[in-house]
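Q: What follows is work_37.pdb; its format and atoms are PDB, C-alpha atoms.
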ATOM      1  CA  MET M   1    -105.162  78.783 -93.065
ATOM      2  CA  LYS M   2    -107.501  80.481 -90.550
ATOM      3  CA  THR M   3    -109.478  77.263 -90.078
ATOM      4  CA  TYR M   4    -106.276  75.294 -89.472
ATOM      5  CA  LEU M   5    -105.069  77.796 -86.843
ATOM      6  CA  ALA M   6    -108.471  77.828 -85.140
ATOM      7  CA  GLY M   7    -108.339  74.021 -84.984
ATOM      8  CA  LEU M   8    -104.887  74.120 -83.418
ATOM      9  CA  ALA M   9    -106.051  76.656 -80.847
ATOM     10  CA  LEU M  10    -108.991  74.420 -79.957
ATOM     11  CA  LEU M  11    -106.758  71.368 -79.594
ATOM     12  CA  ALA M  12    -104.301  73.324 -77.464
ATOM     13  CA  SER M  13    -107.109  74.413 -75.148
ATOM     14  CA  ILE M  14    -108.309  70.810 -74.727
ATOM     15  CA  GLY M  15    -104.987  68.965 -74.884
ATOM     16  CA  PRO M  16    -103.602  69.354 -71.366
ATOM     17  CA  ALA M  17    -106.884  68.286 -69.741
ATOM     18  CA  LEU M  18    -107.785  65.269 -71.863
ATOM     19  CA  ALA M  19    -108.235  62.926 -68.899
ATOM     20  CA  SER M  20    -111.203  64.784 -67.379
ATOM     21  CA  PRO M  21    -111.834  68.456 -68.093
ATOM     22  CA  ALA M  22    -113.357  70.353 -65.173
ATOM     23  CA  TYR M  23    -116.349  71.361 -67.306
ATOM     24  CA  LEU M  24    -117.454  67.715 -67.702
ATOM     25  CA  LYS M  25    -119.461  66.531 -64.695
ATOM     26  CA  LEU M  26    -119.655  62.731 -64.330
ATOM     27  CA  SER M  27    -122.200  61.012 -62.128
ATOM     28  CA  TYR M  28    -123.147  57.342 -61.900
ATOM     29  CA  GLY M  29    -125.519  55.118 -60.010
ATOM     30  CA  ALA M  30    -125.299  51.859 -58.137
ATOM     31  CA  VAL M  31    -124.297  48.603 -59.826
ATOM     32  CA  GLY M  32    -127.134  46.439 -61.048
ATOM     33  CA  THR M  33    -126.998  42.867 -62.326
ATOM     34  CA  ASP M  34    -129.044  40.741 -64.681
ATOM     35  CA  PRO M  35    -128.497  37.344 -66.350
ATOM     36  CA  ALA M  36    -125.988  38.929 -68.788
ATOM     37  CA  GLY M  37    -123.742  40.528 -66.137
ATOM     38  CA  ALA M  38    -123.335  43.850 -64.343
ATOM     39  CA  PHE M  39    -124.193  47.377 -65.391
ATOM     40  CA  VAL M  40    -124.059  50.947 -64.099
ATOM     41  CA  SER M  41    -125.907  53.999 -65.447
ATOM     42  CA  VAL M  42    -123.629  56.963 -66.181
ATOM     43  CA  GLN M  43    -124.362  60.610 -66.955
ATOM     44  CA  VAL M  44    -121.991  63.322 -68.185
ATOM     45  CA  GLN M  45    -123.008  66.965 -68.152
ATOM     46  CA  ASN M  46    -121.158  69.238 -70.568
ATOM     47  CA  ALA M  47    -120.929  72.507 -68.612
ATOM     48  CA  GLY M  48    -118.379  73.913 -71.071
ATOM     49  CA  THR M  49    -118.751  76.090 -74.131
ATOM     50  CA  ILE M  50    -117.706  73.669 -76.889
ATOM     51  CA  MET M  51    -119.323  70.626 -78.441
ATOM     52  CA  LEU M  52    -117.448  67.359 -77.937
ATOM     53  CA  SER M  53    -117.865  64.668 -80.568
ATOM     54  CA  GLN M  54    -117.098  61.819 -78.141
ATOM     55  CA  ILE M  55    -116.759  61.271 -74.408
ATOM     56  CA  VAL M  56    -115.558  57.858 -73.227
ATOM     57  CA  VAL M  57    -116.564  56.750 -69.721
ATOM     58  CA  SER M  58    -114.763  53.690 -68.309
ATOM     59  CA  CYS M  59    -115.785  51.761 -65.196
ATOM     60  CA  ASP M  60    -113.930  49.234 -63.070
ATOM     61  CA  PHE M  61    -116.293  46.653 -61.562
ATOM     62  CA  PHE M  62    -115.611  44.981 -58.208
ATOM     63  CA  ALA M  63    -116.966  41.996 -56.277
ATOM     64  CA  GLY M  64    -116.116  43.095 -52.763
ATOM     65  CA  LYS M  65    -112.532  44.343 -53.036
ATOM     66  CA  LYS M  66    -111.644  42.123 -56.016
ATOM     67  CA  LYS M  67    -111.662  43.778 -59.440
ATOM     68  CA  VAL M  68    -113.671  41.598 -61.839
ATOM     69  CA  GLY M  69    -113.242  43.681 -64.998
ATOM     70  CA  THR M  70    -113.388  46.967 -66.860
ATOM     71  CA  SER M  71    -115.781  48.189 -69.503
ATOM     72  CA  SER M  72    -116.652  51.502 -71.159
ATOM     73  CA  THR M  73    -119.192  53.378 -73.210
ATOM     74  CA  THR M  74    -118.944  56.296 -75.618
ATOM     75  CA  LEU M  75    -121.307  59.265 -75.514
ATOM     76  CA  PHE M  76    -121.536  61.028 -78.874
ATOM     77  CA  SER M  77    -122.178  64.696 -79.756
ATOM     78  CA  SER M  78    -122.157  66.303 -76.326
ATOM     79  CA  PHE M  79    -123.355  69.894 -76.704
ATOM     80  CA  PRO M  80    -122.801  72.614 -74.067
ATOM     81  CA  GLY M  81    -125.477  72.517 -71.373
ATOM     82  CA  ILE M  82    -126.603  68.986 -72.259
ATOM     83  CA  THR M  83    -126.317  65.856 -70.116
ATOM     84  CA  GLY M  84    -125.672  62.610 -71.990
ATOM     85  CA  GLN M  85    -126.432  59.242 -70.442
ATOM     86  CA  ASP M  86    -125.848  55.563 -71.096
ATOM     87  CA  GLN M  87    -125.053  52.290 -69.353
ATOM     88  CA  VAL M  88    -121.661  50.682 -68.950
ATOM     89  CA  ARG M  89    -122.057  46.895 -69.060
ATOM     90  CA  LEU M  90    -119.639  44.141 -68.105
ATOM     91  CA  MET M  91    -120.825  40.821 -69.486
ATOM     92  CA  GLY M  92    -120.508  37.777 -67.254
ATOM     93  CA  ALA M  93    -119.867  39.764 -64.074
ATOM     94  CA  GLY M  94    -123.037  38.889 -62.191
ATOM     95  CA  ASN M  95    -121.084  38.930 -58.925
ATOM     96  CA  ALA M  96    -120.084  42.618 -59.211
ATOM     97  CA  THR M  97    -121.316  44.767 -56.330
ATOM     98  CA  THR M  98    -119.624  48.150 -56.880
ATOM     99  CA  ALA M  99    -117.998  50.195 -59.628
ATOM    100  CA  THR M 100    -115.778  53.238 -59.958
ATOM    101  CA  CYS M 101    -116.087  55.256 -63.151
ATOM    102  CA  ALA M 102    -114.079  58.014 -64.814
ATOM    103  CA  ILE M 103    -114.048  60.049 -67.992
ATOM    104  CA  THR M 104    -111.112  58.627 -69.906
ATOM    105  CA  SER M 105    -111.204  60.298 -73.296
ATOM    106  CA  PRO M 106    -113.149  63.365 -74.384
ATOM    107  CA  ALA M 107    -112.503  64.513 -77.948
ATOM    108  CA  SER M 108    -113.709  67.501 -79.915
TER     109      SER M 108
END
Using the file provided, produce a representation of the structure as structure tokens.
A:
Amino acid sequence: MKTYLAGLALLASIGPALASPAYLKLSYGAVGTDPAGAFVSVQVQNAGTIMLSQIVVSCDFFAGKKKVGTSSTTLFSSFPGITGQDQVRLMGAGNATTATCAITSPAS
């Protein structure tokens, strides 16, 4: 019973801020391209006090002002004080020049 209640307390503390908790710090670089498409390097620092099993980062890619697609990546096992990194790739979008990225789904 104690474990169940502790789990509920943890979910309640995360629940309202699922979109992007303040303790997760997202940064990302410039868009690059290769023969497969476009990509952007992303980093998420966990400045909180709990381990998150997954953090999903989604990016919208643009060619000028036209959105050419959306893609995402999942960072696994993000421990407090650690910065995870990966690339978000959009296949076939060799014309992409910019991207905007956001944390869309952390989960403990």
Q: One decimal, in Å: what's the spacing between atom CA of M:Thr104 and atom CA of M:Val56?
A: 5.6 Å
Q: Can you pull out every residue within 7 Å of M:Thr83, counting all atoms listed in the file, but drop anything in the same chain fewer than 4 positions away, and send it as an mmCIF file with C-alpha atoms, in the coordinates of the input?
A:
data_model
loop_
_atom_site.group_PDB
_atom_site.id
_atom_site.type_symbol
_atom_site.label_atom_id
_atom_site.label_comp_id
_atom_site.auth_asym_id
_atom_site.auth_seq_id
_atom_site.Cartn_x
_atom_site.Cartn_y
_atom_site.Cartn_z
ATOM 1 C CA GLN M 43 -124.362 60.610 -66.955
ATOM 2 C CA VAL M 44 -121.991 63.322 -68.185
ATOM 3 C CA GLN M 45 -123.008 66.965 -68.152
ATOM 4 C CA ASN M 46 -121.158 69.238 -70.568
#
Q: Compile the contact shell of M:Val31 as a list in words: residues with an atom at most 9 Å away, counting only C-alpha atoms, same-chain residues fewer than 6 positions apart removed.
A: Ala38, Phe39, Val40, Ser41, Phe61, Ala96, Thr97, Thr98 and Ala99 of chain M
Q: Restricting the calculation to all atoms listed in the file, which member of M:Ser77, M:Ser20, M:Thr100, M:Ser105 is positioned closest to M:Phe62?
A: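 Of M:Ser77, M:Ser20, M:Thr100, M:Ser105, the one nearest M:Phe62 is M:Thr100, counting all atoms listed in the file.
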Q: I'd like the contact shell of stretch 73-75 of chain M - 8 Å cut-off, all atoms listed in the file, skipping same-chain residues fewer than 3 positions apart - returned as a CSV table (one decimal) with C-alpha atoms, keeping the file's coordinate frame.
A:
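File result_29.csv, as written:
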chain,number,residue,atom,x,y,z
M,54,GLN,CA,-117.1,61.8,-78.1
M,55,ILE,CA,-116.8,61.3,-74.4
M,56,VAL,CA,-115.6,57.9,-73.2
M,57,VAL,CA,-116.6,56.8,-69.7
M,58,SER,CA,-114.8,53.7,-68.3
M,78,SER,CA,-122.2,66.3,-76.3
M,84,GLY,CA,-125.7,62.6,-72.0
M,85,GLN,CA,-126.4,59.2,-70.4
M,86,ASP,CA,-125.8,55.6,-71.1
M,87,GLN,CA,-125.1,52.3,-69.4
M,88,VAL,CA,-121.7,50.7,-69.0
Q: What does the distance from atom CA of M:Asp60 to atom CA of M:Ile82 come to in Å, to one decimal?
A: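 Going from atom CA of M:Asp60 over to atom CA of M:Ile82 covers 25.2 Å.
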Q: Considering only C-alpha atoms, state which residue in the set M:Ala47, M:Leu26, M:Val68, M:Val42 is at the smallest distance from M:Gly92.
A: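 Ranked by minimum distance to M:Gly92, first place goes to M:Val68.
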